[in-house]
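Engineer: Please find entry_26.pdb (PDB, C-alpha atoms and all ligand atoms) on the next line:
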```pdb
MODEL        1
ATOM      1  CA  MET A   1       3.649  66.712 262.383  1.00  0.00           C
ATOM      2  CA  ARG A   2       5.585  68.733 259.783  1.00  0.00           C
ATOM      3  CA  GLN A   3       6.671  65.439 258.203  1.00  0.00           C
ATOM      4  CA  GLN A   4       3.046  64.316 257.999  1.00  0.00           C
ATOM      5  CA  HIS A   5       2.055  67.596 256.289  1.00  0.00           C
ATOM      6  CA  LEU A   6       4.823  67.202 253.749  1.00  0.00           C
ATOM      7  CA  LYS A   7       3.622  63.673 253.016  1.00  0.00           C
ATOM      8  CA  LEU A   8       0.037  64.884 252.521  1.00  0.00           C
ATOM      9  CA  ASP A   9       1.191  67.790 250.351  1.00  0.00           C
ATOM     10  CA  SER A  10       3.262  65.582 248.142  1.00  0.00           C
ATOM     11  CA  LYS A  11       0.414  63.033 247.846  1.00  0.00           C
ATOM     12  CA  LYS A  12      -1.952  65.798 246.760  1.00  0.00           C
ATOM     13  CA  ILE A  13       0.521  67.254 244.293  1.00  0.00           C
ATOM     14  CA  ASN A  14       1.332  63.878 242.766  1.00  0.00           C
ATOM     15  CA  ASN A  15      -2.371  63.187 242.416  1.00  0.00           C
ATOM     16  CA  ILE A  16      -2.935  66.493 240.662  1.00  0.00           C
ATOM     17  CA  ILE A  17       0.067  66.005 238.387  1.00  0.00           C
ATOM     18  CA  SER A  18      -1.146  62.570 237.240  1.00  0.00           C
ATOM     19  CA  THR A  19      -4.621  64.020 236.575  1.00  0.00           C
ATOM     20  CA  PHE A  20      -3.053  66.758 234.443  1.00  0.00           C
ATOM     21  CA  GLU A  21      -0.995  64.112 232.634  1.00  0.00           C
ATOM     22  CA  LYS A  22      -4.164  62.171 231.781  1.00  0.00           C
ATOM     23  CA  HIS A  23      -5.910  65.247 230.391  1.00  0.00           C
ATOM     24  CA  TYR A  24      -3.062  66.985 228.637  1.00  0.00           C
ATOM     25  CA  ALA A  25      -1.046  63.972 227.524  1.00  0.00           C
ATOM     26  CA  GLU A  26      -1.934  64.395 223.864  1.00  0.00           C
ATOM     27  CA  LYS A  27      -1.110  68.086 223.901  1.00  0.00           C
ATOM     28  CA  SER A  28       2.094  67.598 225.596  1.00  0.00           C
ATOM     29  CA  ILE A  29       4.212  69.055 225.393  1.00  0.00           C
ATOM     30  CA  ASN A  30       7.353  68.489 223.572  1.00  0.00           C
ATOM     31  CA  ARG A  31      10.121  70.652 224.713  1.00  0.00           C
ATOM     32  CA  LYS A  32      11.564  72.657 221.862  1.00  0.00           C
ATOM     33  CA  SER A  33      14.765  74.501 222.235  1.00  0.00           C
ATOM     34  CA  SER A  34      14.889  78.033 220.923  1.00  0.00           C
ATOM     35  CA  ASP A  35      17.535  80.695 220.613  1.00  0.00           C
ATOM     36  CA  ILE A  36      18.290  82.152 224.035  1.00  0.00           C
ATOM     37  CA  LEU A  37      18.214  85.814 223.027  1.00  0.00           C
ATOM     38  CA  ASP A  38      15.031  85.297 220.979  1.00  0.00           C
ATOM     39  CA  THR A  39      13.386  83.821 224.064  1.00  0.00           C
ATOM     40  CA  LEU A  40      14.602  86.638 226.288  1.00  0.00           C
ATOM     41  CA  ILE A  41      13.313  89.303 223.896  1.00  0.00           C
ATOM     42  CA  ALA A  42       9.980  87.529 223.337  1.00  0.00           C
ATOM     43  CA  THR A  43       9.482  87.164 227.082  1.00  0.00           C
ATOM     44  CA  LYS A  44      10.401  90.789 227.684  1.00  0.00           C
ATOM     45  CA  LEU A  45       7.783  91.853 225.123  1.00  0.00           C
ATOM     46  CA  SER A  46       5.185  89.647 226.804  1.00  0.00           C
ATOM     47  CA  GLN A  47       5.432  91.483 230.138  1.00  0.00           C
ATOM     48  CA  ASN A  48       2.089  93.048 231.107  1.00  0.00           C
ATOM     49  CA  THR A  49       0.317  92.081 227.912  1.00  0.00           C
ATOM     50  CA  THR A  50      -1.264  89.131 226.135  1.00  0.00           C
ATOM     51  CA  ASP A  51       0.589  86.470 224.163  1.00  0.00           C
ATOM     52  CA  LYS A  52      -1.199  87.569 221.026  1.00  0.00           C
ATOM     53  CA  THR A  53       0.021  91.168 221.033  1.00  0.00           C
ATOM     54  CA  SER A  54       3.541  90.316 222.155  1.00  0.00           C
ATOM     55  CA  SER A  55       3.768  87.713 219.402  1.00  0.00           C
ATOM     56  CA  ILE A  56       2.834  90.370 216.818  1.00  0.00           C
ATOM     57  CA  ALA A  57       5.464  92.736 218.257  1.00  0.00           C
ATOM     58  CA  PHE A  58       8.125  90.010 218.204  1.00  0.00           C
ATOM     59  CA  GLY A  59       7.276  89.170 214.573  1.00  0.00           C
ATOM     60  CA  ASN A  60       7.545  92.871 213.625  1.00  0.00           C
ATOM     61  CA  LEU A  61      11.035  93.077 215.114  1.00  0.00           C
ATOM     62  CA  LYS A  62      12.171  89.863 213.430  1.00  0.00           C
ATOM     63  CA  ARG A  63      10.944  91.082 210.041  1.00  0.00           C
ATOM     64  CA  GLU A  64      12.547  94.499 210.397  1.00  0.00           C
ATOM     65  CA  PHE A  65      15.973  93.521 211.759  1.00  0.00           C
ATOM     66  CA  LYS A  66      18.156  90.864 210.146  1.00  0.00           C
ATOM     67  CA  ASN A  67      19.845  90.268 213.493  1.00  0.00           C
ATOM     68  CA  TRP A  68      19.612  91.691 216.993  1.00  0.00           C
ATOM     69  CA  ASP A  69      22.841  93.702 216.564  1.00  0.00           C
ATOM     70  CA  GLU A  70      20.805  96.108 214.463  1.00  0.00           C
ATOM     71  CA  LEU A  71      18.775  97.131 217.518  1.00  0.00           C
ATOM     72  CA  ILE A  72      21.855  98.936 218.828  1.00  0.00           C
ATOM     73  CA  GLY A  73      21.830 101.499 216.021  1.00  0.00           C
ATOM     74  CA  ALA A  74      18.060 101.739 215.627  1.00  0.00           C
ATOM     75  CA  PRO A  75      16.275 104.857 216.897  1.00  0.00           C
ATOM     76  CA  ILE A  76      14.075 104.243 219.959  1.00  0.00           C
ATOM     77  CA  GLY A  77      11.115 105.725 218.021  1.00  0.00           C
ATOM     78  CA  LYS A  78      11.463 103.074 215.331  1.00  0.00           C
ATOM     79  CA  ILE A  79      11.619 100.191 217.816  1.00  0.00           C
ATOM     80  CA  LYS A  80       8.715 101.692 219.723  1.00  0.00           C
ATOM     81  CA  ASN A  81       6.553 101.839 216.587  1.00  0.00           C
ATOM     82  CA  LEU A  82       7.295  98.234 215.771  1.00  0.00           C
ATOM     83  CA  ILE A  83       6.264  97.005 219.213  1.00  0.00           C
ATOM     84  CA  LYS A  84       3.552  99.514 220.126  1.00  0.00           C
ATOM     85  CA  VAL A  85       0.864  96.840 219.832  1.00  0.00           C
ATOM     86  CA  CYS A  86       2.123  95.184 223.036  1.00  0.00           C
ATOM     87  CA  GLY A  87       2.016  98.215 225.338  1.00  0.00           C
ATOM     88  CA  LEU A  88       4.695  99.902 227.462  1.00  0.00           C
ATOM     89  CA  ALA A  89       6.409 100.334 224.109  1.00  0.00           C
ATOM     90  CA  TYR A  90       8.679 103.188 225.139  1.00  0.00           C
ATOM     91  CA  SER A  91      10.186 101.507 228.189  1.00  0.00           C
ATOM     92  CA  LYS A  92      10.387  98.115 226.464  1.00  0.00           C
ATOM     93  CA  SER A  93      12.193  99.733 223.486  1.00  0.00           C
ATOM     94  CA  LYS A  94      14.697 101.447 225.764  1.00  0.00           C
ATOM     95  CA  ASP A  95      15.312  98.296 227.807  1.00  0.00           C
ATOM     96  CA  LEU A  96      15.752  96.094 224.718  1.00  0.00           C
ATOM     97  CA  LYS A  97      18.174  98.461 223.049  1.00  0.00           C
ATOM     98  CA  ALA A  98      20.200  98.895 226.262  1.00  0.00           C
ATOM     99  CA  MET A  99      20.238  95.145 226.886  1.00  0.00           C
ATOM    100  CA  VAL A 100      21.546  94.287 223.414  1.00  0.00           C
ATOM    101  CA  LYS A 101      24.168  97.015 223.683  1.00  0.00           C
ATOM    102  CA  GLN A 102      25.268  95.710 227.086  1.00  0.00           C
ATOM    103  CA  ILE A 103      25.616  92.159 225.731  1.00  0.00           C
ATOM    104  CA  LYS A 104      27.713  93.438 222.825  1.00  0.00           C
ATOM    105  CA  ASN A 105      29.951  95.510 225.127  1.00  0.00           C
ATOM    106  CA  GLU A 106      30.471  92.739 227.656  1.00  0.00           C
ATOM    107  CA  LYS A 107      30.731  89.699 225.382  1.00  0.00           C
ATOM    108  CA  GLY A 108      31.909  91.208 222.102  1.00  0.00           C
ATOM    109  CA  LYS A 109      28.917  89.759 220.250  1.00  0.00           C
ATOM    110  CA  VAL A 110      25.151  89.790 220.563  1.00  0.00           C
ATOM    111  CA  ASN A 111      24.600  86.221 221.619  1.00  0.00           C
ATOM    112  CA  LEU A 112      23.731  84.501 224.886  1.00  0.00           C
ATOM    113  CA  ASP A 113      24.961  80.990 224.118  1.00  0.00           C
ATOM    114  CA  TYR A 114      27.569  81.271 226.875  1.00  0.00           C
ATOM    115  CA  LEU A 115      24.699  80.817 229.356  1.00  0.00           C
ATOM    116  CA  LYS A 116      24.446  77.140 228.372  1.00  0.00           C
ATOM    117  CA  LYS A 117      27.533  76.392 230.424  1.00  0.00           C
ATOM    118  CA  LEU A 118      26.303  78.153 233.575  1.00  0.00           C
ATOM    119  CA  SER A 119      24.313  76.780 236.507  1.00  0.00           C
ATOM    120  CA  ASP A 120      20.705  77.904 237.032  1.00  0.00           C
ATOM    121  CA  GLU A 121      21.757  80.307 239.758  1.00  0.00           C
ATOM    122  CA  GLU A 122      24.469  81.815 237.558  1.00  0.00           C
ATOM    123  CA  VAL A 123      21.983  82.251 234.703  1.00  0.00           C
ATOM    124  CA  TYR A 124      19.565  84.070 237.039  1.00  0.00           C
ATOM    125  CA  LYS A 125      22.403  86.346 238.085  1.00  0.00           C
ATOM    126  CA  GLU A 126      23.449  87.074 234.503  1.00  0.00           C
ATOM    127  CA  LEU A 127      19.953  87.793 233.211  1.00  0.00           C
ATOM    128  CA  THR A 128      18.562  89.813 236.088  1.00  0.00           C
ATOM    129  CA  LYS A 129      21.415  92.290 235.798  1.00  0.00           C
ATOM    130  CA  PHE A 130      19.666  93.659 232.687  1.00  0.00           C
ATOM    131  CA  LYS A 131      17.225  96.469 233.362  1.00  0.00           C
ATOM    132  CA  GLY A 132      13.640  95.217 233.199  1.00  0.00           C
ATOM    133  CA  ILE A 133      14.518  91.527 233.462  1.00  0.00           C
ATOM    134  CA  GLY A 134      13.280  89.890 236.649  1.00  0.00           C
ATOM    135  CA  VAL A 135      13.199  86.373 238.019  1.00  0.00           C
ATOM    136  CA  LYS A 136      10.038  85.443 236.103  1.00  0.00           C
ATOM    137  CA  THR A 137      11.484  86.397 232.728  1.00  0.00           C
ATOM    138  CA  ALA A 138      14.784  84.705 233.564  1.00  0.00           C
ATOM    139  CA  SER A 139      12.869  81.547 234.552  1.00  0.00           C
ATOM    140  CA  CYS A 140      11.171  81.484 231.144  1.00  0.00           C
ATOM    141  CA  VAL A 141      14.570  81.627 229.456  1.00  0.00           C
ATOM    142  CA  LEU A 142      15.837  78.801 231.664  1.00  0.00           C
ATOM    143  CA  VAL A 143      12.912  76.555 230.940  1.00  0.00           C
ATOM    144  CA  PHE A 144      12.164  77.365 227.293  1.00  0.00           C
ATOM    145  CA  SER A 145      15.573  77.768 225.772  1.00  0.00           C
ATOM    146  CA  LEU A 146      18.002  76.120 228.158  1.00  0.00           C
ATOM    147  CA  GLY A 147      15.853  73.088 228.971  1.00  0.00           C
ATOM    148  CA  ARG A 148      16.260  73.492 232.742  1.00  0.00           C
ATOM    149  CA  GLU A 149      13.707  72.213 235.229  1.00  0.00           C
ATOM    150  CA  VAL A 150      12.453  75.451 236.703  1.00  0.00           C
ATOM    151  CA  PHE A 151       8.882  76.568 237.251  1.00  0.00           C
ATOM    152  CA  PRO A 152       8.077  80.092 236.088  1.00  0.00           C
ATOM    153  CA  VAL A 153       4.977  81.461 237.798  1.00  0.00           C
ATOM    154  CA  ASP A 154       2.636  83.779 235.952  1.00  0.00           C
ATOM    155  CA  THR A 155      -0.776  85.043 236.953  1.00  0.00           C
ATOM    156  CA  HIS A 156      -2.542  81.822 235.788  1.00  0.00           C
ATOM    157  CA  ILE A 157      -0.228  79.567 237.737  1.00  0.00           C
ATOM    158  CA  HIS A 158      -0.436  81.725 240.853  1.00  0.00           C
ATOM    159  CA  ARG A 159      -4.249  81.661 240.735  1.00  0.00           C
ATOM    160  CA  VAL A 160      -4.642  77.948 239.952  1.00  0.00           C
ATOM    161  CA  LEU A 161      -2.153  76.706 242.574  1.00  0.00           C
ATOM    162  CA  ASN A 162      -3.904  78.789 245.217  1.00  0.00           C
ATOM    163  CA  ARG A 163      -7.386  77.629 244.227  1.00  0.00           C
ATOM    164  CA  LEU A 164      -6.250  74.020 244.265  1.00  0.00           C
ATOM    165  CA  GLY A 165      -4.811  74.587 247.722  1.00  0.00           C
ATOM    166  CA  ILE A 166      -1.273  73.612 246.726  1.00  0.00           C
ATOM    167  CA  VAL A 167       0.021  76.946 247.979  1.00  0.00           C
ATOM    168  CA  LYS A 168      -1.424  79.721 250.092  1.00  0.00           C
ATOM    169  CA  THR A 169       0.342  82.793 248.792  1.00  0.00           C
ATOM    170  CA  LYS A 170      -0.404  86.443 248.141  1.00  0.00           C
ATOM    171  CA  SER A 171       1.825  87.088 245.144  1.00  0.00           C
ATOM    172  CA  ALA A 172       3.314  85.308 242.134  1.00  0.00           C
ATOM    173  CA  GLU A 173       6.768  85.818 243.681  1.00  0.00           C
ATOM    174  CA  GLU A 174       5.740  83.953 246.851  1.00  0.00           C
ATOM    175  CA  THR A 175       4.183  81.208 244.730  1.00  0.00           C
ATOM    176  CA  PHE A 176       7.425  80.898 242.771  1.00  0.00           C
ATOM    177  CA  GLU A 177       9.388  80.384 245.998  1.00  0.00           C
ATOM    178  CA  SER A 178       6.949  77.771 247.358  1.00  0.00           C
ATOM    179  CA  ALA A 179       6.573  75.933 244.058  1.00  0.00           C
ATOM    180  CA  LYS A 180      10.335  75.594 243.764  1.00  0.00           C
ATOM    181  CA  ARG A 181      10.289  73.311 246.783  1.00  0.00           C
ATOM    182  CA  LEU A 182       6.958  71.562 246.174  1.00  0.00           C
ATOM    183  CA  ILE A 183       6.923  70.560 242.496  1.00  0.00           C
ATOM    184  CA  PRO A 184       9.149  67.595 241.624  1.00  0.00           C
ATOM    185  CA  GLY A 185      12.031  68.594 239.343  1.00  0.00           C
ATOM    186  CA  ASN A 186      11.192  66.392 236.380  1.00  0.00           C
ATOM    187  CA  LYS A 187       7.558  67.598 236.330  1.00  0.00           C
ATOM    188  CA  LYS A 188       8.156  71.322 236.420  1.00  0.00           C
ATOM    189  CA  TYR A 189       8.182  71.962 232.677  1.00  0.00           C
ATOM    190  CA  PHE A 190       5.129  69.798 231.998  1.00  0.00           C
ATOM    191  CA  LEU A 191       3.159  71.264 234.876  1.00  0.00           C
ATOM    192  CA  HIS A 192       4.020  74.837 233.942  1.00  0.00           C
ATOM    193  CA  ARG A 193       2.630  74.355 230.434  1.00  0.00           C
ATOM    194  CA  ALA A 194      -0.365  72.313 231.558  1.00  0.00           C
ATOM    195  CA  ILE A 195      -1.474  74.812 234.202  1.00  0.00           C
ATOM    196  CA  ILE A 196      -1.246  77.739 231.792  1.00  0.00           C
ATOM    197  CA  MET A 197      -3.553  75.928 229.358  1.00  0.00           C
ATOM    198  CA  PHE A 198      -5.846  74.935 232.219  1.00  0.00           C
ATOM    199  CA  GLY A 199      -5.897  78.496 233.594  1.00  0.00           C
ATOM    200  CA  ARG A 200      -6.844  79.903 230.211  1.00  0.00           C
ATOM    201  CA  ASN A 201      -9.424  77.338 229.223  1.00  0.00           C
ATOM    202  CA  ILE A 202     -11.031  76.105 232.441  1.00  0.00           C
ATOM    203  CA  CYS A 203      -9.895  77.737 235.664  1.00  0.00           C
ATOM    204  CA  ARG A 204     -10.223  81.277 234.312  1.00  0.00           C
ATOM    205  CA  ALA A 205      -9.793  84.280 236.571  1.00  0.00           C
ATOM    206  CA  ASN A 206     -13.475  85.208 236.294  1.00  0.00           C
ATOM    207  CA  ASN A 207     -16.223  82.599 236.042  1.00  0.00           C
ATOM    208  CA  PRO A 208     -14.082  79.455 236.056  1.00  0.00           C
ATOM    209  CA  PHE A 209     -15.736  76.458 234.364  1.00  0.00           C
ATOM    210  CA  CYS A 210     -15.907  74.406 237.546  1.00  0.00           C
ATOM    211  CA  GLY A 211     -18.685  72.217 236.107  1.00  0.00           C
ATOM    212  CA  SER A 212     -16.258  71.041 233.397  1.00  0.00           C
ATOM    213  CA  CYS A 213     -13.251  70.785 235.676  1.00  0.00           C
ATOM    214  CA  PHE A 214     -11.432  67.466 236.000  1.00  0.00           C
ATOM    215  CA  LEU A 215      -9.900  68.697 239.259  1.00  0.00           C
ATOM    216  CA  TYR A 216     -13.182  69.621 240.944  1.00  0.00           C
ATOM    217  CA  LYS A 217     -12.722  67.074 243.728  1.00  0.00           C
ATOM    218  CA  ASN A 218      -9.148  68.210 244.392  1.00  0.00           C
ATOM    219  CA  CYS A 219     -10.026  71.885 244.501  1.00  0.00           C
ATOM    220  CA  SER A 220     -10.115  73.888 247.730  1.00  0.00           C
ATOM    221  CA  TYR A 221     -11.540  77.091 246.186  1.00  0.00           C
ATOM    222  CA  GLU A 222     -14.405  78.239 248.382  1.00  0.00           C
ATOM    223  CA  ASN A 223     -16.287  79.847 245.457  1.00  0.00           C
ATOM    224  CA  LYS A 224     -16.123  76.911 243.095  1.00  0.00           C
ATOM    225  CA  ASN A 225     -19.366  76.521 241.187  1.00  0.00           C
ATOM    226  CA  LYS A 226     -20.345  73.202 239.651  1.00  0.00           C
ATOM    227  CA  GLY A 227     -22.991  74.895 237.495  1.00  0.00           C
ATOM    228  CA  SER A 228     -20.501  76.744 235.344  1.00  0.00           C
ATOM    229  CA  ILE A 229     -19.958  74.693 232.182  1.00  0.00           C
ATOM    230  CA  LYS A 230     -17.446  75.302 229.428  1.00  0.00           C
ATOM    231  CA  SER A 231     -18.848  76.108 225.990  1.00  0.00           C
ATOM    232  CA  THR A 232     -17.184  74.604 222.939  1.00  0.00           C
ATOM    233  CA  ASN A 233     -15.588  77.722 221.478  1.00  0.00           C
ATOM    234  CA  THR A 234     -13.397  78.875 224.305  1.00  0.00           C
ATOM    235  CA  GLU A 235     -10.250  76.901 223.530  1.00  0.00           C
ATOM    236  CA  ASN A 236      -7.148  79.048 223.387  1.00  0.00           C
ATOM    237  CA  ASN A 237      -3.886  77.218 223.682  1.00  0.00           C
ATOM    238  CA  PHE A 238      -1.690  79.786 222.103  1.00  0.00           C
ATOM    239  CA  LEU A 239       1.577  80.216 223.977  1.00  0.00           C
ATOM    240  CA  ILE A 240       4.007  82.795 222.723  1.00  0.00           C
ATOM    241  CA  LEU A 241       7.067  80.787 223.562  1.00  0.00           C
ATOM    242  CA  ASP A 242       5.854  77.981 221.293  1.00  0.00           C
ATOM    243  CA  GLY A 243       6.097  80.306 218.377  1.00  0.00           C
ATOM    244  CA  ILE A 244       9.699  81.394 218.471  1.00  0.00           C
TER     245      ILE A 244
HETATM  246  S1  LIG A 301     -13.082  73.525 240.460  1.00  0.00           S
HETATM  247 FE1  LIG A 301     -13.201  75.558 239.558  1.00  0.00          FE
HETATM  248  S2  LIG A 301     -11.891  76.847 240.801  1.00  0.00           S
HETATM  249 FE2  LIG A 301     -11.373  74.708 241.231  1.00  0.00          FE
HETATM  250  S3  LIG A 301      -9.666  74.222 239.878  1.00  0.00           S
HETATM  251 FE3  LIG A 301     -11.533  73.612 238.845  1.00  0.00          FE
HETATM  252  S4  LIG A 301     -12.131  75.386 237.608  1.00  0.00           S
HETATM  253 FE4  LIG A 301     -10.618  76.084 239.106  1.00  0.00          FE
ENDMDL
END
```
Would you mind giving the structure from this file in structure tokens?
Ligand code: SF4
Structural biologist:
Amino acid sequence: MRQQHLKLDSKKINNIISTFEKHYAEKSINRKSSDILDTLIATKLSQNTTDKTSSIAFGNLKREFKNWDELIGAPIGKIKNLIKVCGLAYSKSKDLKAMVKQIKNEKGKVNLDYLKKLSDEEVYKELTKFKGIGVKTASCVLVFSLGREVFPVDTHIHRVLNRLGIVKTKSAEETFESAKRLIPGNKKYFLHRAIIMFGRNICRANNPFCGSCFLYKNCSYENKNKGSIKSTNTENNFLILDGI
């Protein structure tokens, strides 16, 4: 019975993945590698805020500091002012400064390139030892700057996978654990990016555009509404981690 369920699940997932591939093929989704510490800092700034504001904060830091070493000597107030647009500026400033200092103390230089040689599990262990860095942020670093096949789960992905009936979970953390097993390894990066775009443009948290949804037939969401049609000016494909 369990075997049969797994077969059905994987059929449904494969179906959904090929539908995403048809619709997002042209936008996809070339993997760019970026500096590991840049990605970690950008992702840290993006916690609990929008991509737009965290991108502004990241740009402010990059313009002000020639390299990340300079964060160590910078007053918290200065860092806080530079990133205030993205919220939680005081705690983010403290965490960033402490993190850079810790890297310098432990490794002798402010650089995370040594992570390239480590396994996924070892990278998780290294990154989550920093205050304010959890599994989600570490997953973004793994996928966006180390090119690993992991599947970070944010609020869009948690919502969409539940509505589609791929998972039945109460939190993004639970979704992350289930998705790890369900999504085929070589599709994780593509699907992560595709679902974020889909969650922003079609399957929005409030008033999803079910009438314009190419996954309508696959969707198990009890409140789906075929009458809700997408207008032409709602496209927003900005992803912060594209910009670093
Ligand atoms: S039908 Fe509606 S709720 Fe279901 S996936 Fe599409 S947009 Fe989301």
Engineer: Give the answer as one residue: which of A:Ser228, A:Arg204, A:Leu61, A:Leu215 has the shortest atom-to-atom distance to Ile17 of chain A, using all atoms listed in the file?
Structural biologist: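 Nearest to Ile17 of chain A: A:Leu215.
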Engineer: Give the answer as one residue: which of A:Lys22, A:Arg181, A:Lys62, A:Lys170 has the shortest atom-to-atom distance to Phe214 of chain A, using all atoms listed in the file?
Structural biologist: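 Residue with the minimum atom-to-atom distance to Phe214 of chain A: A:Lys22.
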Engineer: Which residues of chain A come within 6 Å of ligand LIG 301 (chain A), and for each one, what is the closest pair of atoms and their distance in Å to one decimal, counting only C-alpha atoms and all ligand atoms, sorted by chain and residue number, as a tab-separated table?
Structural biologist:
```
residue	atom	partner	partner_atom	distance
A:Arg163	CA	A:LIG301	S2	5.7
A:Leu164	CA	A:LIG301	S3	5.6
A:Ile202	CA	A:LIG301	S4	5.3
A:Cys203	CA	A:LIG301	S4	3.8
A:Pro208	CA	A:LIG301	S4	4.8
A:Phe209	CA	A:LIG301	S4	5.0
A:Cys210	CA	A:LIG301	FE1	3.6
A:Cys213	CA	A:LIG301	FE3	4.6
A:Leu215	CA	A:LIG301	FE3	5.2
A:Tyr216	CA	A:LIG301	S1	3.9
A:Cys219	CA	A:LIG301	FE2	4.5
A:Tyr221	CA	A:LIG301	S2	5.4
A:Lys224	CA	A:LIG301	FE1	4.8
```
Engineer: I'd like the neighbourhood of segment 91-106 of chain A as a PyMOL selection string, where a residue qualifies if any of its atoms comes within 8 Å (using all atoms listed in the file), though same-chain residues fewer than 6 positions away should be ignored.
Structural biologist: chain A and resi 41+44-45+68-69+71-72+76+79-80+83+112+130-132
Engineer: Using all atoms listed in the file, which of A:Leu40, A:Glu64, A:Ala89, A:Glu173 sits nearest Ala138 of chain A?
Structural biologist: A:Leu40
Engineer: Which value, in Å to one decimal, gives the distance between atom CA of Ala57 of chain A and atom CA of Leu82 of chain A?
Structural biologist: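 These atoms are spaced 6.3 Å apart.
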Engineer: Within 12 Å of (-5.0, 64.1, 245.0), in the coordinates the file gives, what residues turn up when you count all atoms listed in the file, written out as a PyMOL selection string?
Structural biologist: chain A and resi 7-20+164-166+214-220
Engineer: As an exercise, work out the distance from atom CA of Thr53 of chain A to atom CA of Asn81 of chain A in Å and give it to one decimal place.
Structural biologist: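 Straight-line distance from atom CA of Thr53 of chain A to atom CA of Asn81 of chain A works out to 13.3 Å.
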Engineer: Nearest to Glu70 of chain A among A:Gln47, A:Ile157, A:Lys109, A:Val85, with distances taken over only C-alpha atoms: which residue is it?
Structural biologist: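 Ranked by minimum distance to Glu70 of chain A, first place goes to A:Lys109.
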Engineer: What would the selection look like, as a ChimeraX atom specification, if the PyMOL selection byres (((chain A and resi 158) around 10) and not hetatm) were run on the coordinates I just shared?
Structural biologist: /A:152-157,159-163,167-176,179,195-196,199
